[in-house]
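Structure data (TSV, C-alpha atoms) from structure-v3.tsv:
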chain	number	residue	atom	x	y	z
A	1	MET	CA	35.37	23.63	23.63
A	2	THR	CA	34.52	22.58	20.09
A	3	ASP	CA	35.64	18.94	20.25
A	4	ALA	CA	32.65	16.65	19.77
A	5	ALA	CA	34.35	13.44	20.90
A	6	PRO	CA	34.03	13.67	24.70
A	7	TYR	CA	30.28	14.21	24.75
A	8	GLY	CA	28.83	11.00	23.33
A	9	ASN	CA	27.07	9.93	26.53
A	10	LEU	CA	25.68	13.39	27.17
A	11	GLU	CA	24.46	13.75	23.59
A	12	SER	CA	22.74	10.38	23.85
A	13	ALA	CA	20.95	11.49	27.02
A	14	LEU	CA	19.79	14.68	25.33
A	15	ARG	CA	17.78	12.67	22.80
A	16	THR	CA	15.20	12.52	25.59
A	17	PRO	CA	13.34	15.83	26.02
A	18	GLY	CA	14.00	18.20	28.89
A	19	VAL	CA	12.24	21.10	30.59
A	20	PHE	CA	13.02	24.82	30.37
A	21	CYS	CA	11.86	26.79	33.42
A	22	PHE	CA	11.89	30.27	34.86
A	23	LEU	CA	12.58	29.52	38.51
A	24	ASP	CA	12.78	32.86	40.31
A	25	GLY	CA	9.05	32.76	41.04
A	26	LEU	CA	9.57	29.68	43.23
A	27	SER	CA	11.22	29.36	46.62
A	28	GLY	CA	14.63	27.75	46.62
A	29	ALA	CA	13.23	24.59	48.20
A	30	ASP	CA	10.53	24.42	45.55
A	31	THR	CA	13.10	24.62	42.76
A	32	ALA	CA	14.83	21.56	44.21
A	33	ARG	CA	11.48	19.77	44.51
A	34	LEU	CA	10.70	20.62	40.89
A	35	ALA	CA	14.09	19.40	39.68
A	36	ARG	CA	13.60	16.09	41.49
A	37	LYS	CA	10.14	15.80	39.93
A	38	VAL	CA	11.48	16.50	36.44
A	39	GLU	CA	14.09	13.80	36.99
A	40	ARG	CA	11.56	11.32	38.39
A	41	LEU	CA	9.26	11.84	35.39
A	42	GLY	CA	12.04	10.78	33.03
A	43	TYR	CA	13.13	14.06	31.48
A	44	SER	CA	16.82	14.28	30.70
A	45	SER	CA	17.45	17.89	31.67
A	46	ILE	CA	16.32	21.11	33.25
A	47	TRP	CA	17.31	24.42	31.62
A	48	PHE	CA	16.77	27.66	33.48
A	49	ALA	CA	17.30	31.33	32.84
A	50	GLU	CA	19.29	34.03	34.62
A	51	LEU	CA	17.00	37.04	34.92
A	52	PHE	CA	16.88	39.45	37.89
A	53	GLY	CA	17.01	36.94	40.71
A	54	ARG	CA	19.26	34.05	41.72
A	55	GLU	CA	22.85	33.77	40.54
A	56	ILE	CA	22.87	31.01	37.95
A	57	PHE	CA	25.97	28.98	38.89
A	58	THR	CA	25.09	28.94	42.58
A	59	HIS	CA	21.58	27.80	41.75
A	60	ALA	CA	22.85	25.16	39.32
A	61	ALA	CA	25.01	23.69	42.09
A	62	TYR	CA	21.97	23.50	44.34
A	63	LEU	CA	19.86	21.75	41.70
A	64	LEU	CA	22.65	19.32	40.87
A	65	SER	CA	23.09	18.53	44.57
A	66	ASN	CA	19.41	17.71	44.87
A	67	THR	CA	19.25	15.34	41.89
A	68	GLU	CA	21.14	12.24	40.81
A	69	LYS	CA	21.18	12.02	37.02
A	70	LEU	CA	19.44	15.14	35.77
A	71	ILE	CA	21.42	17.37	33.39
A	72	VAL	CA	21.32	21.00	34.53
A	73	ALA	CA	21.86	23.69	31.90
A	74	ALA	CA	22.44	27.40	32.38
A	75	ALA	CA	20.19	29.00	29.77
A	76	VAL	CA	21.78	31.37	29.73
A	77	ALA	CA	24.50	32.77	31.96
A	78	ILE	CA	24.74	36.44	31.00
A	79	VAL	CA	28.30	37.23	29.96
A	80	GLN	CA	28.24	40.89	31.03
A	81	LYS	CA	27.61	39.80	34.64
A	82	ARG	CA	30.93	38.01	35.20
A	83	GLU	CA	34.48	37.75	33.93
A	84	PRO	CA	35.24	34.80	31.63
A	85	VAL	CA	37.75	33.33	34.10
A	86	THR	CA	35.00	33.33	36.74
A	87	ALA	CA	32.48	31.64	34.47
A	88	TRP	CA	35.01	29.03	33.34
A	89	GLY	CA	36.08	28.31	36.90
A	90	ALA	CA	32.46	27.88	38.00
A	91	ALA	CA	31.62	25.67	35.02
A	92	ASN	CA	34.64	23.42	35.58
A	93	THR	CA	33.85	23.15	39.27
A	94	LEU	CA	30.34	21.89	38.45
A	95	ALA	CA	31.65	19.59	35.72
A	96	GLU	CA	34.11	18.03	38.14
A	97	LEU	CA	31.72	17.62	41.05
A	98	PHE	CA	28.77	16.48	38.92
A	99	ALA	CA	30.41	14.64	36.04
A	100	GLY	CA	28.59	14.93	32.73
A	101	ARG	CA	25.61	16.79	34.16
A	102	PHE	CA	26.24	20.50	33.55
A	103	ILE	CA	25.92	22.49	30.32
A	104	LEU	CA	27.19	26.06	30.20
A	105	GLY	CA	24.89	28.19	28.09
A	106	LEU	CA	26.15	31.72	27.51
A	107	GLY	CA	24.33	34.73	26.14
A	108	VAL	CA	24.42	38.50	25.80
A	109	SER	CA	20.72	38.91	26.71
A	110	HIS	CA	18.82	41.88	25.20
A	111	ARG	CA	19.41	45.60	25.17
A	112	GLU	CA	16.15	46.32	27.01
A	113	LEU	CA	16.87	43.80	29.79
A	114	GLN	CA	20.48	44.85	30.18
A	115	ALA	CA	19.41	48.46	30.64
A	116	ALA	CA	17.14	47.36	33.48
A	117	ARG	CA	20.12	45.55	35.05
A	118	GLY	CA	22.37	48.56	34.67
A	119	LEU	CA	24.64	46.66	32.29
A	120	GLY	CA	25.95	47.62	28.88
A	121	TYR	CA	24.94	46.11	25.56
A	122	GLU	CA	27.63	47.31	23.20
A	123	LYS	CA	28.33	45.35	20.00
A	124	PRO	CA	26.95	42.01	21.24
A	125	LEU	CA	28.71	39.93	18.60
A	126	SER	CA	32.10	41.48	19.33
A	127	THR	CA	31.41	41.16	23.05
A	128	MET	CA	30.69	37.44	22.75
A	129	ARG	CA	33.61	36.77	20.41
A	130	ALA	CA	36.04	38.41	22.83
A	131	TYR	CA	34.43	36.66	25.78
A	132	LEU	CA	34.83	33.22	24.19
A	133	ALA	CA	38.47	33.93	23.38
A	134	ARG	CA	39.16	34.80	27.00
A	135	LEU	CA	37.15	31.80	28.18
A	136	GLN	CA	39.28	29.48	26.05
A	137	ALA	CA	42.46	31.10	27.37
A	138	ALA	CA	41.44	31.03	31.03
A	139	GLU	CA	43.59	28.90	33.33
A	140	TYR	CA	41.97	26.31	35.56
A	141	GLN	CA	44.46	24.72	37.95
A	142	ALA	CA	42.19	22.58	40.14
A	143	PRO	CA	41.74	18.90	39.21
A	144	LYS	CA	40.13	18.76	35.79
A	145	PRO	CA	36.66	17.27	35.29
A	146	GLN	CA	36.42	13.96	33.41
A	147	GLU	CA	35.00	15.94	30.49
A	148	PRO	CA	35.22	19.71	30.07
A	149	PRO	CA	31.89	21.48	30.47
A	150	PRO	CA	30.18	21.77	27.08
A	151	VAL	CA	29.45	25.34	26.04
A	152	VAL	CA	26.51	26.44	23.89
A	153	LEU	CA	25.41	29.94	22.94
A	154	GLY	CA	21.94	31.37	23.17
A	155	ALA	CA	21.66	32.66	19.61
A	156	LEU	CA	18.85	34.21	17.58
A	157	LEU	CA	20.40	36.18	14.74
A	158	PRO	CA	22.63	34.72	11.98
A	159	LYS	CA	25.98	36.19	13.00
A	160	MET	CA	25.69	35.01	16.61
A	161	MET	CA	24.50	31.64	15.32
A	162	ARG	CA	27.59	31.31	13.14
A	163	LEU	CA	29.85	32.25	16.06
A	164	ALA	CA	28.22	29.58	18.20
A	165	LEU	CA	28.71	26.95	15.54
A	166	GLU	CA	32.32	27.97	14.94
A	167	GLU	CA	33.50	28.33	18.53
A	168	THR	CA	31.27	26.24	20.84
A	169	ARG	CA	29.50	22.90	21.07
A	170	GLY	CA	26.39	24.42	19.48
A	171	VAL	CA	23.35	26.61	19.97
A	172	HIS	CA	20.44	26.95	22.35
A	173	THR	CA	17.49	28.34	20.39
A	174	TYR	CA	14.34	29.86	21.86
A	175	PHE	CA	11.00	31.10	20.52
A	176	VAL	CA	11.39	28.97	17.39
A	177	PRO	CA	9.24	26.62	15.28
A	178	PRO	CA	10.59	23.35	13.81
A	179	GLU	CA	11.27	25.17	10.54
A	180	HIS	CA	13.91	27.21	12.34
A	181	THR	CA	15.43	24.03	13.75
A	182	ALA	CA	15.67	22.59	10.24
A	183	ARG	CA	17.39	25.74	8.96
A	184	THR	CA	19.79	25.72	11.91
A	185	ARG	CA	20.70	22.08	11.37
A	186	ALA	CA	21.31	22.71	7.68
A	187	ILE	CA	23.80	25.45	8.62
A	188	ALA	CA	25.34	23.53	11.51
A	189	GLY	CA	25.95	20.26	9.73
A	190	PRO	CA	25.90	16.94	11.56
A	191	GLY	CA	28.44	17.58	14.31
A	192	LYS	CA	27.04	20.44	16.36
A	193	TRP	CA	24.32	20.54	19.00
A	194	VAL	CA	21.03	22.24	18.24
A	195	CYS	CA	19.12	22.52	21.53
A	196	ALA	CA	15.66	23.94	20.86
A	197	ALA	CA	13.19	25.27	23.43
A	198	GLN	CA	9.53	24.74	22.52
A	199	ALA	CA	6.76	26.60	24.38
A	200	VAL	CA	3.80	24.31	25.12
A	201	TYR	CA	0.27	24.73	26.43
A	202	LEU	CA	-2.28	21.96	26.90
A	203	GLU	CA	-5.58	23.37	25.68
A	204	THR	CA	-7.65	22.23	22.71
A	205	ASP	CA	-9.93	25.28	22.53
A	206	PRO	CA	-8.26	27.66	20.03
A	207	VAL	CA	-9.57	30.83	21.69
A	208	LYS	CA	-8.37	29.85	25.15
A	209	ALA	CA	-5.09	28.45	23.87
A	210	ARG	CA	-4.17	31.52	21.84
A	211	ALA	CA	-5.18	33.87	24.64
A	212	ALA	CA	-2.76	32.12	26.96
A	213	ALA	CA	-0.10	31.93	24.27
A	214	ARG	CA	-0.27	35.67	23.61
A	215	LYS	CA	0.51	36.41	27.24
A	216	TYR	CA	3.75	34.59	26.57
A	217	THR	CA	4.55	35.86	23.07
A	218	SER	CA	3.74	39.51	23.75
A	219	PHE	CA	6.72	39.93	26.07
A	220	TYR	CA	9.21	38.62	23.53
A	221	LEU	CA	7.75	40.55	20.63
A	222	GLY	CA	8.49	43.69	22.64
A	223	LEU	CA	12.23	42.93	22.49
A	224	ARG	CA	13.82	44.11	19.26
A	225	ASN	CA	15.82	40.96	18.51
A	226	TYR	CA	12.83	38.63	18.30
A	227	PRO	CA	11.08	40.44	15.41
A	228	LYS	CA	14.43	40.46	13.57
A	229	HIS	CA	14.80	36.75	14.15
A	230	LEU	CA	11.26	35.99	12.94
A	231	ALA	CA	11.48	37.93	9.68
A	232	PRO	CA	13.44	35.25	7.74
A	233	LEU	CA	10.73	32.75	8.74
A	234	GLY	CA	8.17	34.82	6.83
A	235	PHE	CA	6.62	36.83	9.66
A	236	GLY	CA	6.13	40.49	8.82
A	237	PRO	CA	4.97	43.57	10.76
A	238	ALA	CA	1.32	42.51	10.66
A	239	ASP	CA	2.22	39.29	12.49
A	240	LEU	CA	3.91	41.10	15.38
A	241	VAL	CA	1.15	43.28	16.83
A	242	ASP	CA	-1.18	42.51	19.74
A	243	GLY	CA	0.84	39.52	20.91
A	244	GLY	CA	1.18	38.05	17.43
A	245	SER	CA	-1.06	36.84	14.63
A	246	ASP	CA	-2.74	33.46	14.91
A	247	ARG	CA	-0.16	32.11	12.47
A	248	LEU	CA	2.76	33.35	14.55
A	249	VAL	CA	1.26	32.24	17.86
A	250	ASP	CA	0.55	28.78	16.47
A	251	ALA	CA	4.11	28.51	15.16
A	252	ILE	CA	5.77	29.54	18.42
A	253	VAL	CA	3.50	27.87	21.00
A	254	ALA	CA	2.52	24.22	20.59
A	255	TRP	CA	-1.00	23.96	21.95
A	256	GLY	CA	-3.68	21.27	21.81
A	257	SER	CA	-3.95	17.76	23.19
A	258	VAL	CA	-1.06	15.84	24.68
A	259	ASP	CA	-0.62	13.93	21.42
A	260	GLN	CA	-0.68	17.13	19.34
A	261	VAL	CA	1.98	18.75	21.51
A	262	ARG	CA	4.09	15.59	21.46
A	263	ARG	CA	4.00	15.70	17.68
A	264	ARG	CA	5.44	19.23	17.73
A	265	ILE	CA	8.27	18.10	20.02
A	266	ALA	CA	8.93	15.19	17.67
A	267	ALA	CA	8.94	17.61	14.71
A	268	HIS	CA	11.95	19.42	16.18
A	269	TYR	CA	13.84	16.15	16.53
A	270	GLU	CA	12.87	15.19	12.99
A	271	ALA	CA	14.13	18.60	11.83
A	272	GLY	CA	17.54	17.86	13.31
A	273	ALA	CA	17.42	18.96	16.95
A	274	THR	CA	19.94	17.33	19.23
A	275	HIS	CA	17.68	18.16	22.15
A	276	VAL	CA	14.27	19.68	22.78
A	277	CYS	CA	13.23	21.25	26.07
A	278	ILE	CA	9.60	22.16	26.66
A	279	VAL	CA	8.66	25.57	28.07
A	280	PRO	CA	5.43	24.87	30.04
A	281	ILE	CA	3.59	28.20	29.94
A	282	THR	CA	0.63	29.14	32.14
A	283	SER	CA	-2.78	30.64	31.41
A	284	ASP	CA	-2.03	33.83	33.35
A	285	GLY	CA	1.37	34.56	31.83
A	286	SER	CA	3.24	34.01	35.08
A	287	MET	CA	6.87	32.91	35.09
A	288	VAL	CA	6.14	29.86	37.26
A	289	PRO	CA	6.26	26.58	35.28
A	290	ASP	CA	2.99	24.67	34.82
A	291	GLU	CA	3.62	21.38	36.57
A	292	ARG	CA	0.42	19.87	35.16
A	293	THR	CA	1.94	20.19	31.70
A	294	ILE	CA	5.28	18.79	32.84
A	295	GLU	CA	3.51	15.74	34.23
A	296	ALA	CA	1.32	15.21	31.16
A	297	LEU	CA	4.20	15.43	28.68
A	298	ALA	CA	6.62	13.27	30.62
A	299	PRO	CA	8.75	11.15	28.25
A	300	ARG	CA	7.31	7.76	27.50
As structure tokens, how would this structure be written, given the file I've shared?
Amino acid sequence: MTDAAPYGNLESALRTPGVFCFLDGLSGADTARLARKVERLGYSSIWFAELFGREIFTHAAYLLSNTEKLIVAAAVAIVQKREPVTAWGAANTLAELFAGRFILGLGVSHRELQAARGLGYEKPLSTMRAYLARLQAAEYQAPKPQEPPPVVLGALLPKMMRLALEETRGVHTYFVPPEHTARTRAIAGPGKWVCAAQAVYLETDPVKARAAARKYTSFYLGLRNYPKHLAPLGFGPADLVDGGSDRLVDAIVAWGSVDQVRRRIAAHYEAGATHVCIVPITSDGSMVPDERTIEALAPR
């Protein structure tokens, strides 16, 4: 899973930005329509989360079936929800049927969300380390895909980041400014993937933009891992209240004109990102992607 050689074509495609979406607020048919739109607009990928709704591998197969070239990334498949042999079988099935178009993102989620799912959250680092070992040992006796499915870890804190860089193709980072991408690349070196998600909102009025951004940031600041992850970037307790200080909100959510937001996306690439996927947030804080933003920021 750590060999960089097979993934040259996929890595080249990822130089073009993608889209990160929460899809459970849409009908199944609308998720296929959105994926086709993302592909038609020239994005390289669609990343989507596993929350409390659709099963992620089943949904990935549906999105892959409804597109032709679009890369589909699980971001992330929650490891406590399925055995490693099941996840590896599903990932290889998609990699065989849709060659070079599926990325397996894995994650342990968050204590608060796992409690709501009725799942455990014991020693997340040990859980993921053991899971990856069993994933690597899992047998897969159907015809092999042309390339094995690349695996990345959703990682926030340093120990999980190091595990991702040691044992997988790289990391999927979320809720991060370009400074975090630069730090991650410095740790990762040149060979690993750094796939960064950047929240975006097209609004030039600072009051309106930050009001919308805080509806997004407030949820994540209520999860204990995000404040821990932000501390090394210089954000203290005063930055974390009421949805975040202006400085924090401006660092996490790229808002402004199309050109201003494009510059933030470019800053991640300049900082060493392999790939950047935009998270098109809405003014009301809903989990449905803002298609107006997706259209406006389509790759040139």
Exercise. Nearest to Pro150 in chain A among A:Lys192, A:Lys123, A:Lys208, A:Arg40, with distances taken over only C-alpha atoms: which residue is it?
Worked result: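 Under the stated criterion, the closest residue is A:Lys192.
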Problem set entry | Best match for closeness to Leu221 in chain A among A:Ala199, A:Glu122, A:Val76, A:Ser245, counting only C-alpha atoms | A:Ser245
For this session: Excluding Lys69 in chain A and residues on its chain fewer than 4 positions from it, collect all residues at most 12 Å away from it, counting only C-alpha atoms, and give them as number ranges by chain.
Result: A: 10, 13, 35-36, 38-40, 42-46, 63-65, 98-102
Exercise. Could you tell me, as number ranges by chain, which residues have any atom at most 9 Å from (5.9, 37.4, 21.6), counting only C-alpha atoms?
Worked result: A: 175, 213-223, 226-227, 240-244, 248-249, 252
Would you save the residues of that selection, restricted to C-alpha atoms, as a PDB file, in the frame of the given file?
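Everything below was put into selection-v1.pdb:
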ATOM      1  CA  PHE A 175      11.000  31.100  20.520  1.00  0.00           C
ATOM      2  CA  ALA A 213      -0.100  31.930  24.270  1.00  0.00           C
ATOM      3  CA  ARG A 214      -0.270  35.670  23.610  1.00  0.00           C
ATOM      4  CA  LYS A 215       0.510  36.410  27.240  1.00  0.00           C
ATOM      5  CA  TYR A 216       3.750  34.590  26.570  1.00  0.00           C
ATOM      6  CA  THR A 217       4.550  35.860  23.070  1.00  0.00           C
ATOM      7  CA  SER A 218       3.740  39.510  23.750  1.00  0.00           C
ATOM      8  CA  PHE A 219       6.720  39.930  26.070  1.00  0.00           C
ATOM      9  CA  TYR A 220       9.210  38.620  23.530  1.00  0.00           C
ATOM     10  CA  LEU A 221       7.750  40.550  20.630  1.00  0.00           C
ATOM     11  CA  GLY A 222       8.490  43.690  22.640  1.00  0.00           C
ATOM     12  CA  LEU A 223      12.230  42.930  22.490  1.00  0.00           C
ATOM     13  CA  TYR A 226      12.830  38.630  18.300  1.00  0.00           C
ATOM     14  CA  PRO A 227      11.080  40.440  15.410  1.00  0.00           C
ATOM     15  CA  LEU A 240       3.910  41.100  15.380  1.00  0.00           C
ATOM     16  CA  VAL A 241       1.150  43.280  16.830  1.00  0.00           C
ATOM     17  CA  ASP A 242      -1.180  42.510  19.740  1.00  0.00           C
ATOM     18  CA  GLY A 243       0.840  39.520  20.910  1.00  0.00           C
ATOM     19  CA  GLY A 244       1.180  38.050  17.430  1.00  0.00           C
ATOM     20  CA  LEU A 248       2.760  33.350  14.550  1.00  0.00           C
ATOM     21  CA  VAL A 249       1.260  32.240  17.860  1.00  0.00           C
ATOM     22  CA  ILE A 252       5.770  29.540  18.420  1.00  0.00           C
TER      23      ILE A 252
END
With 12 Å as the threshold, what does the neighbourhood of (28.5, 22.4, 12.2) contain in terms of residues, counting only C-alpha atoms? Coordinates are those of the file; answer as a PDB file with C-alpha atoms, in the frame of the given file.
ATOM      1  CA  THR A   2      34.520  22.580  20.090  1.00  0.00           C
ATOM      2  CA  ASP A   3      35.640  18.940  20.250  1.00  0.00           C
ATOM      3  CA  ALA A   4      32.650  16.650  19.770  1.00  0.00           C
ATOM      4  CA  MET A 161      24.500  31.640  15.320  1.00  0.00           C
ATOM      5  CA  ARG A 162      27.590  31.310  13.140  1.00  0.00           C
ATOM      6  CA  LEU A 163      29.850  32.250  16.060  1.00  0.00           C
ATOM      7  CA  ALA A 164      28.220  29.580  18.200  1.00  0.00           C
ATOM      8  CA  LEU A 165      28.710  26.950  15.540  1.00  0.00           C
ATOM      9  CA  GLU A 166      32.320  27.970  14.940  1.00  0.00           C
ATOM     10  CA  GLU A 167      33.500  28.330  18.530  1.00  0.00           C
ATOM     11  CA  THR A 168      31.270  26.240  20.840  1.00  0.00           C
ATOM     12  CA  ARG A 169      29.500  22.900  21.070  1.00  0.00           C
ATOM     13  CA  GLY A 170      26.390  24.420  19.480  1.00  0.00           C
ATOM     14  CA  VAL A 171      23.350  26.610  19.970  1.00  0.00           C
ATOM     15  CA  THR A 184      19.790  25.720  11.910  1.00  0.00           C
ATOM     16  CA  ARG A 185      20.700  22.080  11.370  1.00  0.00           C
ATOM     17  CA  ALA A 186      21.310  22.710   7.680  1.00  0.00           C
ATOM     18  CA  ILE A 187      23.800  25.450   8.620  1.00  0.00           C
ATOM     19  CA  ALA A 188      25.340  23.530  11.510  1.00  0.00           C
ATOM     20  CA  GLY A 189      25.950  20.260   9.730  1.00  0.00           C
ATOM     21  CA  PRO A 190      25.900  16.940  11.560  1.00  0.00           C
ATOM     22  CA  GLY A 191      28.440  17.580  14.310  1.00  0.00           C
ATOM     23  CA  LYS A 192      27.040  20.440  16.360  1.00  0.00           C
ATOM     24  CA  TRP A 193      24.320  20.540  19.000  1.00  0.00           C
ATOM     25  CA  VAL A 194      21.030  22.240  18.240  1.00  0.00           C
ATOM     26  CA  GLY A 272      17.540  17.860  13.310  1.00  0.00           C
TER      27      GLY A 272
END
